[in-house]
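Comments concern the structure below.
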Amino acid sequence: MPLPFLTADRAFDATEDVALPFDDHDVWRRPYRPGPWRVGAAALALLLASFVLLASVVIAAAGATAGALGTFGFAALIIAVALRALRMGVWVSRAGLRHVSFFSTRTVPWAQTSAVRTVQQPVRWLGLPRTVQGQALVLVRRGGEQAPLLTDHNADFLSRVEAFDRAADTIEAWNAEYAAP
């Protein structure tokens, strides 16, 4: 079964000199691979879900249908959380920029952006309340509103400075290509 969210930037490995290496720019793509923290957490959650599913089969074999359904529902919830965690990040296409967080998804058309730039500022470490000095990729809308998209201390880029720089450069290139002057 192909997992396209894990092979997001294979084209970047083959063609390092091309800013927008994908042929079809109408498809939403994440211009970077999910980081090891995000993938590791999702793998552990899916491992836990497999044990919970096994427990639901054992409970169903014991004859407690209500308990088996509740346990199965809990396993389905764990799987949904793991898959949503893997989907989180920034996605780009010709239509605009999509920021997928755990509970919401915001799409901004390129025509509404004035800049995408990297700034030095305090950033949250792995999404926790603790802040450290780092870099953030910030989306600046036409009205002057700024929204952070990525940081070098989130689950995708912690201890991967080169990957953050490459992702930031790629998203800035998409903005330069499709944002209205």
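FYI, nothing fancy with the structure tokens labels: chains A, B, ... in order, residues from 1 per chain, ligands from 1 as they appear.
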
query: Hey, what's within 10 Å of segment 152-159 of chain A if we count only C-alpha atoms and toss same-chain stuff fewer than 6 positions away? As a ChimeraX atom specification, please?
result: /A:32-41,85-86,88-89,123-128,131-137,165,167-168

task: Going by DSSP on the backbone, which bits of segment 12-155 of chain A are helix (DSSP H, G or I)? Write them as JSON, numbers by chain, please.
output: {"A": [12, 13, 14, 36, 37, 38, 39, 40, 41, 42, 43, 44, 45, 46, 47, 48, 49, 50, 51, 52, 53, 54, 55, 56, 57, 58, 59, 60, 61, 65, 66, 67, 68, 69, 70, 71, 72, 73, 74, 75, 76, 77, 78, 79, 80, 81, 82, 83, 84, 85, 86, 87, 110, 111, 112]}

message: Give me, as a PyMOL selection string, all polymer residues having an atom no more than 12 Å from Leu77 of chain A, counting only C-alpha atoms and skipping those fewer than 4 positions away in the same chain.
response: chain A and resi 45-46+48-50+52-53+70-73+81-84

- request: Identify all residues of segment 82-149 of chain A in strand (DSSP E or B) (DSSP on the backbone) and supply them as a ChimeraX atom specification.
  value: /A:89-93,96-100,105-109,113-124,131-141,146-149

message: Applying 6 Å and only C-alpha atoms, which residues near segment 139-144 of chain A remain after dropping the ones on its own chain fewer than 3 positions away? List them as a ChimeraX atom specification.
response: /A:112-116,147

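Across the model, the gap from atom CA of Arg117 of chain A to atom CA of Ile171 of chain A is 9.1 Å.
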
query: Do you know which residues are at most 12 Å from Gly67 of chain A counting only C-alpha atoms, after dropping those on the same chain fewer than 6 positions away, and could you put them as JSON, numbers by chain?
result: {"A": [52, 53, 55, 56, 57, 58, 59, 60, 61, 73, 74]}

Output file for the selection above: N, CA, C and O atoms, as a tab-separated table (two decimals), in the first residue's frame:
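Full text of selection01.tsv as output:
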```tsv
chain	number	residue	atom	x	y	z
A	52	VAL	N	-4.61	-2.96	21.53
A	52	VAL	CA	-6.00	-2.71	21.94
A	52	VAL	C	-6.95	-3.50	21.04
A	52	VAL	O	-7.96	-4.04	21.51
A	53	LEU	N	-6.63	-3.59	19.75
A	53	LEU	CA	-7.47	-4.41	18.85
A	53	LEU	C	-7.41	-5.88	19.24
A	53	LEU	O	-8.43	-6.58	19.21
A	55	ALA	N	-6.90	-6.96	22.22
A	55	ALA	CA	-7.71	-7.05	23.44
A	55	ALA	C	-9.20	-7.08	23.12
A	55	ALA	O	-9.96	-7.81	23.76
A	56	SER	N	-9.62	-6.33	22.11
A	56	SER	CA	-11.04	-6.34	21.75
A	56	SER	C	-11.46	-7.70	21.19
A	56	SER	O	-12.57	-8.16	21.44
A	57	VAL	N	-10.55	-8.36	20.47
A	57	VAL	CA	-10.86	-9.71	19.98
A	57	VAL	C	-10.97	-10.69	21.14
A	57	VAL	O	-11.89	-11.52	21.19
A	58	VAL	N	-10.09	-10.58	22.11
A	58	VAL	CA	-10.15	-11.46	23.29
A	58	VAL	C	-11.42	-11.19	24.09
A	58	VAL	O	-12.10	-12.14	24.53
A	59	ILE	N	-11.78	-9.93	24.25
A	59	ILE	CA	-13.01	-9.59	24.98
A	59	ILE	C	-14.23	-10.11	24.22
A	59	ILE	O	-15.18	-10.63	24.83
A	60	ALA	N	-14.22	-9.99	22.88
A	60	ALA	CA	-15.34	-10.50	22.09
A	60	ALA	C	-15.43	-12.02	22.19
A	60	ALA	O	-16.53	-12.59	22.26
A	61	ALA	N	-14.28	-12.70	22.22
A	61	ALA	CA	-14.29	-14.16	22.35
A	61	ALA	C	-14.81	-14.59	23.71
A	61	ALA	O	-15.38	-15.68	23.85
A	73	GLY	N	-13.74	0.65	19.57
A	73	GLY	CA	-13.89	2.09	19.35
A	73	GLY	C	-12.69	2.87	19.84
A	73	GLY	O	-12.25	3.83	19.19
A	74	PHE	N	-12.13	2.46	20.98
A	74	PHE	CA	-10.94	3.11	21.51
A	74	PHE	C	-9.76	2.90	20.56
A	74	PHE	O	-8.98	3.83	20.31
```

message: Please compute the atom CA of Trp174 of chain A-atom CA of Glu145 of chain A distance, one decimal, in Å.
response: 19.4 Å

query: Which one is closest to Ala80 of chain A: A:Phe102, A:Thr170, A:Thr151, A:Gln121? Count only C-alpha atoms.
result: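 Smallest separation from Ala80 of chain A among the options: A:Phe102.
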
task: Please measure the separation of atom CA of His99 of chain A and atom CA of Pro31 of chain A, giving the value in Å to one decimal.
output: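 Taking atom CA of His99 of chain A as the start and atom CA of Pro31 of chain A as the end point, the length is 12.3 Å.
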
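With distances restricted to only C-alpha atoms, A:Leu150 is the closest residue to Ser101 of chain A from A:Leu150, A:Val161, A:Val27, A:Ala179.
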
- prompt: Which of these residues is nearest to Val138 of chain A, using only C-alpha atoms: A:Ala95, A:Val90, A:Val119, A:Ala75?
  reply: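 Once distances to Val138 of chain A are computed over only C-alpha atoms, the minimum belongs to A:Val119.
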